[in-house]
file query32.txt (compact mmCIF, C-alpha atoms (C1' of nucleotides))
# COMPACT_ATOMS: atom_id res chain seq x y z
CA MET A 14 -34.45 -15.26 -9.13
CA ALA A 15 -32.74 -17.73 -6.83
CA ARG A 16 -30.72 -19.72 -9.37
CA VAL A 17 -29.51 -22.26 -6.79
CA SER A 18 -26.70 -23.56 -8.94
CA PRO A 19 -23.56 -24.95 -7.32
CA GLU A 20 -21.73 -24.26 -10.60
CA THR A 21 -22.01 -20.55 -9.97
CA HIS A 22 -18.53 -20.55 -8.49
CA ASP A 23 -17.06 -21.76 -11.77
CA GLU A 24 -19.24 -19.47 -13.82
CA ILE A 25 -17.95 -16.51 -11.86
CA LEU A 26 -14.38 -17.68 -12.30
CA ALA A 27 -14.81 -18.01 -16.05
CA ALA A 28 -16.52 -14.65 -16.36
CA ALA A 29 -13.81 -12.99 -14.29
CA GLY A 30 -11.17 -14.52 -16.55
CA ARG A 31 -12.88 -13.09 -19.60
CA ARG A 32 -13.30 -9.62 -18.10
CA PHE A 33 -9.81 -9.47 -16.62
CA ALA A 34 -8.39 -10.41 -20.00
CA LEU A 35 -10.33 -7.59 -21.63
CA THR A 36 -9.88 -4.75 -19.17
CA GLY A 37 -7.28 -5.93 -16.67
CA TYR A 38 -7.63 -6.72 -13.00
CA ARG A 39 -7.94 -3.19 -11.69
CA GLY A 40 -10.02 -2.19 -14.67
CA THR A 41 -12.64 -4.79 -13.91
CA SER A 42 -15.13 -4.19 -11.11
CA LEU A 43 -17.02 -6.82 -9.17
CA GLN A 44 -20.14 -5.36 -10.77
CA ASP A 45 -18.71 -6.07 -14.23
CA ILE A 46 -18.14 -9.69 -13.32
CA ALA A 47 -21.58 -10.03 -11.76
CA GLY A 48 -23.13 -8.49 -14.86
CA GLU A 49 -21.37 -10.98 -17.12
CA VAL A 50 -22.53 -13.91 -15.00
CA GLY A 51 -26.03 -12.52 -14.60
CA CYS A 52 -26.01 -12.45 -10.83
CA SER A 53 -25.59 -9.79 -8.19
CA LYS A 54 -22.32 -8.43 -6.93
CA ALA A 55 -23.19 -9.85 -3.52
CA THR A 56 -23.32 -13.32 -5.04
CA VAL A 57 -19.79 -12.92 -6.37
CA LEU A 58 -18.66 -12.05 -2.87
CA TYR A 59 -20.61 -14.96 -1.45
CA HIS A 60 -18.50 -17.36 -3.51
CA PHE A 61 -15.20 -15.54 -3.08
CA ALA A 62 -13.84 -13.88 0.04
CA ASN A 63 -12.83 -10.81 -1.95
CA LYS A 64 -11.75 -9.63 -5.36
CA GLU A 65 -8.16 -10.76 -4.93
CA ALA A 66 -9.31 -14.31 -4.13
CA ILE A 67 -10.79 -14.56 -7.62
CA LEU A 68 -7.47 -13.60 -9.18
CA THR A 69 -5.55 -15.96 -6.91
CA GLU A 70 -7.71 -18.92 -7.90
CA LEU A 71 -7.48 -17.95 -11.56
CA MET A 72 -3.70 -17.84 -11.42
CA ALA A 73 -3.17 -20.90 -9.25
CA PRO A 74 -2.31 -23.36 -12.06
CA ALA A 75 0.18 -20.99 -13.63
CA ILE A 76 1.79 -20.23 -10.29
CA ALA A 77 2.14 -23.92 -9.51
CA VAL A 78 4.04 -24.46 -12.75
CA LEU A 79 6.16 -21.39 -12.06
CA GLN A 80 7.11 -22.77 -8.66
CA ALA A 81 8.01 -26.11 -10.17
CA LEU A 82 10.29 -24.30 -12.61
CA ASP A 83 11.85 -22.42 -9.71
CA GLU A 84 12.68 -25.68 -7.94
CA ARG A 85 14.20 -27.19 -11.06
CA LEU A 86 16.20 -24.00 -11.49
CA ALA A 87 17.64 -24.26 -7.99
CA ALA A 88 19.52 -27.39 -9.05
CA HIS A 89 21.39 -25.80 -11.95
CA ARG A 90 24.07 -23.19 -12.55
CA GLY A 91 25.47 -21.18 -15.44
CA ALA A 92 24.72 -22.39 -18.95
CA ALA A 93 22.58 -25.28 -17.72
CA ALA A 94 20.43 -22.95 -15.63
CA GLN A 95 20.12 -20.60 -18.58
CA GLN A 96 18.82 -23.38 -20.79
CA VAL A 97 16.39 -24.71 -18.19
CA ALA A 98 15.09 -21.19 -17.55
CA ALA A 99 14.68 -20.40 -21.24
CA GLU A 100 12.78 -23.58 -22.06
CA GLY A 101 10.79 -23.54 -18.84
CA PHE A 102 9.76 -19.91 -19.02
CA VAL A 103 8.86 -20.00 -22.70
CA ASP A 104 6.78 -23.11 -22.11
CA LEU A 105 5.06 -21.42 -19.18
CA ALA A 106 4.38 -18.26 -21.16
CA VAL A 107 2.88 -20.21 -24.05
CA ARG A 108 0.72 -22.52 -21.97
CA PHE A 109 -0.57 -19.84 -19.66
CA ARG A 110 -0.51 -16.86 -21.97
CA ARG A 111 -4.14 -16.14 -21.28
CA GLU A 112 -3.60 -16.09 -17.51
CA ILE A 113 -0.44 -14.02 -17.82
CA ALA A 114 -2.30 -11.55 -20.00
CA LEU A 115 -4.68 -10.89 -17.11
CA LEU A 116 -1.82 -9.29 -15.25
CA ARG A 117 -0.60 -7.06 -18.03
CA GLY A 118 0.66 -3.88 -16.50
CA GLU A 119 -0.28 -4.93 -13.03
CA PHE A 120 2.81 -6.89 -12.11
CA PRO A 121 4.37 -4.08 -10.05
CA GLU A 122 1.36 -3.59 -7.78
CA LEU A 123 0.35 -7.23 -7.54
CA LEU A 124 3.85 -8.36 -6.67
CA GLN A 125 3.67 -6.11 -3.63
CA GLN A 126 0.67 -7.98 -2.27
CA PRO A 127 1.45 -10.63 0.35
CA SER A 128 -0.25 -13.44 -1.55
CA PHE A 129 2.14 -12.93 -4.48
CA ALA A 130 5.23 -12.09 -2.45
CA HIS A 131 7.09 -15.28 -3.26
CA ILE A 132 6.77 -14.58 -6.98
CA HIS A 133 9.23 -11.77 -6.49
CA ARG A 134 11.92 -14.14 -5.27
CA ILE A 135 11.21 -16.54 -8.12
CA SER A 136 11.51 -13.79 -10.72
CA GLU A 137 14.87 -12.80 -9.20
CA ARG A 138 16.12 -16.34 -9.76
CA LEU A 139 14.77 -16.32 -13.31
CA ILE A 140 16.60 -13.11 -14.09
CA GLU A 141 19.82 -14.49 -12.70
CA ALA A 142 19.44 -17.68 -14.73
CA PHE A 143 18.66 -15.75 -17.91
CA ALA A 144 21.73 -13.61 -17.28
CA GLY A 145 23.78 -16.80 -17.05
CA GLY A 146 24.80 -15.91 -13.51
CA SER A 147 26.77 -12.99 -14.91
CA GLU A 148 27.05 -9.75 -12.96
CA ARG A 149 27.58 -7.73 -16.12
CA SER A 150 24.84 -5.11 -16.43
CA SER A 151 24.38 -5.89 -20.12
CA ALA A 152 23.50 -9.49 -19.25
CA ARG A 153 20.98 -8.47 -16.63
CA ILE A 154 19.47 -5.89 -18.98
CA ALA A 155 18.96 -8.48 -21.69
CA ALA A 156 17.43 -10.88 -19.18
CA LEU A 157 14.98 -8.32 -17.86
CA VAL A 158 13.95 -7.06 -21.28
CA LEU A 159 13.22 -10.58 -22.50
CA LEU A 160 11.32 -11.69 -19.40
CA ALA A 161 9.24 -8.53 -19.27
CA GLY A 162 8.70 -8.45 -23.02
CA ILE A 163 7.46 -12.01 -23.17
CA SER A 164 5.24 -11.56 -20.12
CA GLU A 165 3.69 -8.41 -21.49
CA THR A 166 3.10 -9.61 -25.02
CA CYS A 167 2.39 -13.35 -24.91
CA GLY A 168 -1.31 -12.65 -24.38
CA GLU A 169 -1.39 -10.89 -27.76
CA PHE A 170 -0.70 -14.13 -29.56
CA ALA A 171 -3.88 -15.95 -28.62
CA ASP A 172 -4.40 -16.99 -32.24
CA VAL A 173 -0.88 -18.28 -32.84
CA PRO A 174 -0.67 -22.08 -32.44
CA ASP A 175 1.16 -23.18 -29.30
CA GLU A 176 3.99 -24.92 -31.09
CA GLU A 177 4.61 -22.04 -33.46
CA LEU A 178 4.69 -19.51 -30.62
CA ARG A 179 6.94 -21.73 -28.52
CA SER A 180 9.53 -22.18 -31.22
CA ALA A 181 9.48 -18.49 -32.14
CA LEU A 182 9.98 -17.38 -28.55
CA LEU A 183 12.63 -19.99 -27.84
CA ALA A 184 14.55 -19.01 -30.94
CA LEU A 185 14.31 -15.36 -29.94
CA VAL A 186 15.54 -16.01 -26.41
CA ARG A 187 18.47 -18.11 -27.63
CA ARG A 188 19.54 -15.44 -30.09
CA ALA A 189 19.11 -12.66 -27.58
CA LEU A 190 20.70 -13.98 -24.41
CA GLU A 191 24.40 -13.44 -23.96
CA PRO A 192 26.27 -16.76 -24.09
CA VAL A 193 27.71 -17.85 -20.77
CA ASP A 194 31.48 -17.43 -20.55
CA MET B 26 -1.03 30.59 2.96
CA ALA B 27 -1.31 32.15 -0.47
CA ARG B 28 2.11 31.28 -1.82
CA VAL B 29 1.64 33.43 -4.92
CA SER B 30 4.38 31.74 -6.88
CA PRO B 31 4.17 31.56 -10.65
CA GLU B 32 6.56 28.61 -10.46
CA THR B 33 3.82 26.48 -8.92
CA HIS B 34 3.00 25.10 -12.37
CA ASP B 35 6.48 23.66 -12.69
CA GLU B 36 6.53 22.44 -9.10
CA ILE B 37 3.33 20.52 -9.73
CA LEU B 38 4.76 19.06 -12.91
CA ALA B 39 7.90 17.92 -11.13
CA ALA B 40 5.97 16.47 -8.22
CA ALA B 41 3.61 14.65 -10.57
CA GLY B 42 6.62 13.20 -12.40
CA ARG B 43 8.02 11.87 -9.16
CA ARG B 44 4.72 10.39 -7.97
CA PHE B 45 3.81 8.89 -11.36
CA ALA B 46 7.22 7.22 -11.47
CA LEU B 47 6.64 5.72 -8.04
CA THR B 48 3.04 4.57 -8.25
CA GLY B 49 2.03 4.94 -11.88
CA TYR B 50 -0.47 7.30 -13.46
CA ARG B 51 -3.65 5.64 -12.27
CA GLY B 52 -2.09 4.86 -8.94
CA THR B 53 -1.42 8.50 -8.24
CA SER B 54 -4.27 10.76 -7.16
CA LEU B 55 -4.45 14.52 -7.55
CA GLN B 56 -4.38 14.63 -3.76
CA ASP B 57 -1.06 12.78 -3.76
CA ILE B 58 0.44 15.33 -6.11
CA ALA B 59 -0.97 18.23 -4.12
CA GLY B 60 0.42 16.73 -0.94
CA GLU B 61 3.90 16.44 -2.45
CA VAL B 62 3.82 20.04 -3.62
CA GLY B 63 2.31 21.29 -0.39
CA CYS B 64 -0.75 22.87 -1.95
CA SER B 65 -4.40 21.96 -2.27
CA LYS B 66 -5.85 19.66 -4.89
CA ALA B 67 -7.82 22.62 -6.21
CA THR B 68 -4.56 24.42 -6.91
CA VAL B 69 -3.36 21.52 -9.02
CA LEU B 70 -6.55 21.81 -11.05
CA TYR B 71 -6.15 25.55 -11.29
CA HIS B 72 -2.86 25.09 -13.12
CA PHE B 73 -3.93 22.10 -15.20
CA ALA B 74 -7.26 21.52 -16.90
CA ASN B 75 -7.42 17.96 -15.61
CA LYS B 76 -5.27 15.05 -14.56
CA GLU B 77 -4.57 13.92 -18.11
CA ALA B 78 -3.22 17.35 -19.01
CA ILE B 79 -0.43 16.86 -16.47
CA LEU B 80 0.58 13.59 -18.10
CA THR B 81 0.37 15.09 -21.57
CA GLU B 82 2.70 17.95 -20.66
CA LEU B 83 5.06 15.54 -18.91
CA MET B 84 5.26 13.31 -21.96
CA ALA B 85 5.41 16.06 -24.59
CA PRO B 86 9.20 16.02 -25.15
CA ALA B 87 9.31 12.24 -25.49
CA ILE B 88 6.37 12.24 -27.85
CA ALA B 89 7.97 14.89 -30.03
CA VAL B 90 11.07 12.73 -30.43
CA LEU B 91 8.93 9.68 -31.12
CA GLN B 92 7.12 11.53 -33.88
CA ALA B 93 10.41 12.64 -35.40
CA LEU B 94 11.51 9.01 -35.42
CA ASP B 95 8.27 8.03 -37.10
CA GLU B 96 8.87 10.54 -39.88
CA ARG B 97 12.42 9.33 -40.43
CA LEU B 98 11.07 5.78 -40.49
CA ALA B 99 8.58 6.62 -43.24
CA ALA B 100 11.48 7.19 -45.62
CA HIS B 101 13.04 3.77 -45.23
CA ARG B 102 12.27 0.14 -46.02
CA GLY B 103 13.55 -3.29 -45.08
CA ALA B 104 16.99 -3.53 -43.49
CA ALA B 105 17.48 0.24 -43.54
CA ALA B 106 14.21 0.81 -41.69
CA GLN B 107 15.14 -1.90 -39.21
CA GLN B 108 18.41 -0.18 -38.41
CA VAL B 109 16.87 3.29 -38.13
CA ALA B 110 14.15 1.91 -35.87
CA ALA B 111 16.58 0.04 -33.65
CA GLU B 112 18.90 2.98 -33.14
CA GLY B 113 16.10 5.51 -32.88
CA PHE B 114 14.00 3.55 -30.44
CA VAL B 115 16.89 2.58 -28.20
CA ASP B 116 18.03 6.18 -28.12
CA LEU B 117 14.51 7.30 -27.25
CA ALA B 118 14.16 4.68 -24.52
CA VAL B 119 17.46 5.66 -22.94
CA ARG B 120 16.94 9.41 -23.08
CA PHE B 121 13.37 9.32 -21.87
CA ARG B 122 13.46 6.24 -19.68
CA ARG B 123 12.09 8.19 -16.76
CA GLU B 124 9.10 9.43 -18.77
CA ILE B 125 8.46 6.02 -20.29
CA ALA B 126 8.55 4.50 -16.83
CA LEU B 127 5.61 6.69 -15.86
CA LEU B 128 3.46 4.71 -18.24
CA ARG B 129 4.49 1.27 -17.12
CA GLY B 130 1.51 -1.00 -17.43
CA GLU B 131 -0.75 1.77 -18.58
CA PHE B 132 0.02 1.69 -22.29
CA PRO B 133 -3.13 -0.24 -23.21
CA GLU B 134 -5.56 2.17 -21.54
CA LEU B 135 -3.69 5.34 -22.36
CA LEU B 136 -3.34 4.45 -26.02
CA GLN B 137 -7.13 4.33 -26.20
CA GLN B 138 -7.41 7.97 -25.15
CA PRO B 139 -7.83 10.46 -27.99
CA SER B 140 -4.81 12.55 -27.02
CA PHE B 141 -2.56 9.54 -27.49
CA ALA B 142 -4.35 7.99 -30.45
CA HIS B 143 -1.62 8.74 -32.99
CA ILE B 144 0.89 6.84 -30.84
CA HIS B 145 -0.88 3.66 -31.82
CA ARG B 146 -0.18 4.23 -35.49
CA ILE B 147 3.44 5.05 -34.74
CA SER B 148 3.92 1.88 -32.74
CA GLU B 149 2.49 -0.11 -35.64
CA ARG B 150 5.17 1.32 -37.90
CA LEU B 151 7.84 0.58 -35.32
CA ILE B 152 6.76 -3.04 -35.09
CA GLU B 153 6.81 -3.39 -38.85
CA ALA B 154 10.27 -1.85 -39.05
CA PHE B 155 11.61 -4.08 -36.26
CA ALA B 156 10.17 -7.08 -38.08
CA GLY B 157 12.08 -5.99 -41.18
CA GLY B 158 8.84 -5.72 -43.09
CA SER B 159 8.42 -9.47 -42.84
CA GLU B 160 4.99 -11.02 -42.49
CA ARG B 161 6.38 -14.06 -40.72
CA SER B 162 4.80 -14.37 -37.31
CA SER B 163 8.17 -15.15 -35.72
CA ALA B 164 9.49 -11.80 -36.92
CA ARG B 165 6.53 -9.90 -35.54
CA ILE B 166 6.74 -11.78 -32.26
CA ALA B 167 10.38 -10.85 -31.82
CA ALA B 168 9.60 -7.24 -32.68
CA LEU B 169 6.78 -6.99 -30.17
CA VAL B 170 8.67 -8.70 -27.37
CA LEU B 171 11.64 -6.38 -27.78
CA LEU B 172 9.62 -3.18 -28.03
CA ALA B 173 7.42 -4.05 -25.07
CA GLY B 174 10.31 -5.39 -23.03
CA ILE B 175 12.41 -2.28 -23.49
CA SER B 176 9.46 0.01 -22.80
CA GLU B 177 8.55 -1.82 -19.64
CA THR B 178 12.00 -2.14 -18.19
CA CYS B 179 14.04 0.87 -19.25
CA GLY B 180 12.81 2.80 -16.22
CA GLU B 181 14.46 0.23 -13.98
CA PHE B 182 17.90 1.26 -15.17
CA ALA B 183 17.88 4.78 -13.79
CA ASP B 184 21.33 4.27 -12.29
CA VAL B 185 22.96 2.82 -15.40
CA PRO B 186 24.90 5.47 -17.36
CA ASP B 187 23.22 6.49 -20.61
CA GLU B 188 26.00 5.25 -22.86
CA GLU B 189 26.25 1.88 -21.14
CA LEU B 190 22.50 1.32 -21.32
CA ARG B 191 22.37 2.41 -24.94
CA SER B 192 25.08 0.04 -26.09
CA ALA B 193 23.63 -2.85 -24.09
CA LEU B 194 20.14 -2.38 -25.53
CA LEU B 195 21.39 -1.85 -29.05
CA ALA B 196 23.51 -4.98 -28.88
CA LEU B 197 20.55 -6.92 -27.55
CA VAL B 198 18.24 -5.69 -30.29
CA ARG B 199 20.76 -6.50 -33.02
CA ARG B 200 21.27 -10.00 -31.71
CA ALA B 201 17.58 -10.60 -31.23
CA LEU B 202 15.98 -9.26 -34.40
CA GLU B 203 15.71 -11.62 -37.32
CA PRO B 204 17.97 -10.48 -40.17
CA VAL B 205 16.10 -9.16 -43.19
CA ASP B 206 16.09 -11.58 -46.11
C1' DC C 14 -45.06 -30.57 8.92
C1' DA C 15 -41.04 -27.88 10.93
C1' DC C 16 -36.39 -27.08 10.68
C1' DT C 17 -31.75 -26.39 8.62
C1' DG C 18 -28.19 -24.98 5.73
C1' DA C 19 -26.88 -23.43 1.32
C1' DT C 20 -27.63 -19.92 -2.10
C1' DC C 21 -28.69 -15.49 -3.55
C1' DT C 22 -30.06 -10.55 -3.35
C1' DG C 23 -31.18 -5.42 -2.55
C1' DA C 24 -29.94 -2.00 0.22
C1' DC C 25 -26.51 0.02 2.28
C1' DC C 26 -21.69 1.57 3.96
C1' DG C 27 -17.29 4.20 4.11
C1' DA C 28 -13.64 5.49 1.26
C1' DT C 29 -11.71 7.53 -2.66
C1' DC C 30 -11.72 9.36 -7.04
C1' DG C 31 -11.62 13.51 -10.54
C1' DG C 32 -13.58 17.67 -10.85
C1' DT C 33 -16.39 22.28 -9.72
C1' DC C 34 -17.20 26.59 -7.55
C1' DA C 35 -17.63 30.73 -4.85
C1' DG C 36 -14.83 33.47 -2.51
C1' DG C 37 -10.65 35.43 -0.22
C1' DG C 38 -5.96 37.19 -0.26
C1' DT C 39 -2.25 39.66 -2.92
C1' DC C 40 -0.13 42.26 -6.36
C1' DT C 41 -0.14 45.79 -10.09
C1' DG C 42 -1.17 49.65 -12.64
C1' DA C 43 -4.20 53.48 -13.67
C1' DT D 10 -7.50 54.57 -3.86
C1' DC D 11 -9.50 51.18 -6.24
C1' DA D 12 -10.53 47.89 -10.03
C1' DG D 13 -9.18 43.85 -11.81
C1' DA D 14 -5.98 40.02 -12.83
C1' DC D 15 -3.86 36.42 -10.74
C1' DC D 16 -3.24 32.77 -7.37
C1' DC D 17 -5.00 29.80 -4.10
C1' DT D 18 -8.31 27.32 -1.01
C1' DG D 19 -12.13 24.73 1.63
C1' DA D 20 -16.26 22.87 0.86
C1' DC D 21 -18.72 20.34 -1.93
C1' DC D 22 -20.45 17.16 -5.86
C1' DG D 23 -21.64 12.83 -8.33
C1' DA D 24 -19.73 8.58 -9.50
C1' DT D 25 -17.60 4.37 -8.48
C1' DC D 26 -15.18 1.27 -5.82
C1' DG D 27 -14.79 -3.12 -2.65
C1' DG D 28 -17.20 -4.95 0.84
C1' DT D 29 -21.14 -5.98 4.58
C1' DC D 30 -25.49 -7.56 6.15
C1' DA D 31 -30.18 -8.88 7.14
C1' DG D 32 -33.32 -11.32 5.05
C1' DA D 33 -35.76 -13.92 1.09
C1' DT D 34 -35.92 -18.30 -1.34
C1' DC D 35 -35.13 -22.97 -2.01
C1' DA D 36 -33.94 -28.25 -1.48
C1' DG D 37 -33.33 -31.74 1.47
C1' DT D 38 -34.25 -34.21 5.90
C1' DG D 39 -36.37 -36.23 10.00
call {"tool": "encode", "arguments": {"input": "query32.txt", "output": "structure tokens"}}
result
Amino acid sequence: MARVSPETHDEILAAAGRRFALTGYRGTSLQDIAGEVGCSKATVLYHFANKEAILTELMAPAIAVLQALDERLAAHRGAAAQQVAAEGFVDLAVRFRREIALLRGEFPELLQQPSFAHIHRISERLIEAFAGGSERSSARIAALVLLAGISETCGEFADVPDEELRSALLALVRRALEPVD
Amino acid sequence: MARVSPETHDEILAAAGRRFALTGYRGTSLQDIAGEVGCSKATVLYHFANKEAILTELMAPAIAVLQALDERLAAHRGAAAQQVAAEGFVDLAVRFRREIALLRGEFPELLQQPSFAHIHRISERLIEAFAGGSERSSARIAALVLLAGISETCGEFADVPDEELRSALLALVRRALEPVD
DNA sequence: CACTGATCTGACCGATCGGTCAGGGTCTGA
DNA sequence: TCAGACCCTGACCGATCGGTCAGATCAGTG
């Protein structure tokens, strides 16, 4: 064999993205990925330190945007924060709906892992912003349902045009969130 | 040892419920359950045909209520169906939020399994009812986000009183769903 | 030519999984 | 007393997982 192609790294990444999207992170084995690329499992682990490193690299762009949103969010309060969070999160979900779909149902476990630890703090801030800073349980419930619902489903809408999905989600969020006092 | 207790069946079921709620269905091994009960893994498999049978028995009450809702739903259309679905699903989510939490992130795989196949059809009808029978993509998007969001999060609100959670979710759903033309 | 470093692989490892099985203890009723 | 039903277990199985490693192959370089 000996393919000697420096693009193998990217091929593996693309194949992993496809497989993860189909069967989830845990549901995809290194052998699956290797099979899709047409190389051996050992080759996959030659290009990536371990399985998690593949996921980390795949999610990097989305996480960068999420962190940028978090920083913008830190500068706002109340109704302003709610609006920034709504627009920012919907935009994120639409743009990276394929990447987010990879994680469907694996958020709880993955968020425990050290390399995703900071995501937990960011999601806390998102919830608070969605809730309009309110301590009322009904506000927090609405915030959590919307954030989780969008995260879990946005991958389903691969064939909906970006702009159509964005406006539908934004309209939904604006109807659904409790107005800030 | 030889505990010779006919209640072992129920002990296993309770222990499995606790473990599944903590670490999910796939994330819980038969050994984990056995360890929590204080018996051997072989004992677990003496009382249950296989791992899936434990889950099936655990979910039976919730599934029965879901099926009843589906039948009620079959008799309604448009706005009436939307209202029946909203009240019925919220009630289901609140009453069985512990059971639903067991499945967090495992809906996709589990729905593929034969013993849960009919759930897929039921969820289709729920989505259609939530969307008010509309074909507009924005209506279906809102329906899916709400259903998935509530399913994924209701387990988080174990310490919120039933009535408070019910009214919060119902208010959210009524705000969020598009009104039927 | 020899050497080097990058790429790739088959064979292998330990761990864990769900599940099977033969057999041993205990209780009950004839 | 004893057969048999019931309950339980340790030992074991095949499969699969993520990951390691020594070595084969190749391109470039001096």
call {"tool": "residues_around", "arguments": {"input": "query32.txt", "residues": "DA20 in chain D", "least_positions_apart": "6", "cutoff": "12 Å", "atoms": "all atoms listed in the file", "output": "list of chain:residue names"}}
result
B:Ala67, C:DT33, C:DC34, C:DA35, C:DG36
call {"tool": "closest_atom_pairs", "arguments": {"input": "query32.txt", "of": "chain B", "to": "chain A", "cutoff": "7 Å", "atoms": "only C-alpha atoms", "output": "tab-separated table"}}
result
residue	atom	partner	partner_atom	distance
B:Arg129	CA	A:Gly118	CA	6.4
B:Gly130	CA	A:Gly118	CA	3.1
B:Glu131	CA	A:Gly118	CA	6.2
B:Ser163	CA	A:Ala181	CA	5.1
B:Ala167	CA	A:Leu185	CA	6.3
B:Leu169	CA	A:Thr166	CA	6.9
B:Val170	CA	A:Gly162	CA	4.4
B:Leu171	CA	A:Gly162	CA	6.0
B:Ala173	CA	A:Gly162	CA	5.0
B:Gly174	CA	A:Gly162	CA	3.5
B:Ile175	CA	A:Val158	CA	5.5
B:Glu177	CA	A:Ala161	CA	6.8
B:Thr178	CA	A:Val158	CA	6.1
B:Ala193	CA	A:Ser151	CA	5.1
B:Leu197	CA	A:Ala189	CA	5.9
B:Arg200	CA	A:Ala189	CA	5.4
B:Ala201	CA	A:Ala189	CA	4.5
call {"tool": "closest_atom_pairs", "arguments": {"input": "query32.txt", "of": "chain C", "to": "chain A", "cutoff": "8 Å", "atoms": "only C-alpha atoms (C1' of nucleotides)", "output": "Markdown table"}}
result
| residue | atom | partner | partner_atom | distance |
| --- | --- | --- | --- | --- |
| C:DT20 | C1' | A:Val17 | CA | 5.6 |
| C:DC21 | C1' | A:Ala15 | CA | 5.7 |
| C:DT22 | C1' | A:Ser53 | CA | 6.6 |
call {"tool": "write_last_selection", "arguments": {"input": "query32.txt", "atoms": "C-alpha atoms (C1' of nucleotides)", "output": "PDB file, in the frame of the given file"}}
result
ATOM      1  C1'  DT C  20     -27.630 -19.920  -2.100  1.00  0.00           C
ATOM      2  C1'  DC C  21     -28.690 -15.490  -3.550  1.00  0.00           C
ATOM      3  C1'  DT C  22     -30.060 -10.550  -3.350  1.00  0.00           C
TER       4       DT C  22
END
call {"tool": "closest_atom_pairs", "arguments": {"input": "query32.txt", "of": "chain D", "to": "chain B", "cutoff": "8 Å", "atoms": "all atoms listed in the file", "output": "JSON lines"}}
result
{"residue": "D:DC16", "atom": "C1'", "partner": "B:Val29", "partner_atom": "CA", "distance": 5.5}
{"residue": "D:DC17", "atom": "C1'", "partner": "B:Ala27", "partner_atom": "CA", "distance": 5.7}
{"residue": "D:DT18", "atom": "C1'", "partner": "B:Ser65", "partner_atom": "CA", "distance": 6.8}
call {"tool": "closest_residue", "arguments": {"input": "query32.txt", "among": "D:DC22, D:DC15, D:DT10, D:DC35", "to": "DG38 in chain C", "atoms": "all atoms listed in the file"}}
result
D:DC15
call {"tool": "residues_around", "arguments": {"input": "query32.txt", "residues": "DT41 in chain C", "least_positions_apart": "2", "cutoff": "10 Å", "atoms": "only C-alpha atoms (C1' of nucleotides)", "output": "short mmCIF file (atom, residue, chain, number, x, y, z; two decimals) with C-alpha atoms (C1' of nucleotides), keeping the file's coordinate frame"}}
result
data_model
loop_
_atom_site.label_atom_id
_atom_site.label_comp_id
_atom_site.auth_asym_id
_atom_site.auth_seq_id
_atom_site.Cartn_x
_atom_site.Cartn_y
_atom_site.Cartn_z
"C1'" DT C 39 -2.25 39.66 -2.92
"C1'" DA C 43 -4.20 53.48 -13.67
"C1'" DG D 13 -9.18 43.85 -11.81
"C1'" DA D 14 -5.98 40.02 -12.83
#
call {"tool": "atom_distance", "arguments": {"input": "query32.txt", "atom1": "CA of Gly158 in chain B", "atom2": "CA of Gly103 in chain B"}}
result
5.7 Å
call {"tool": "atom_distance", "arguments": {"input": "query32.txt", "atom1": "CA of Gln107 in chain B", "atom2": "CA of Gly157 in chain B"}}
result
5.5 Å
call {"tool": "atom_distance", "arguments": {"input": "query32.txt", "atom1": "CA of Arg122 in chain B", "atom2": "CA of Phe45 in chain B"}}
result
13.0 Å
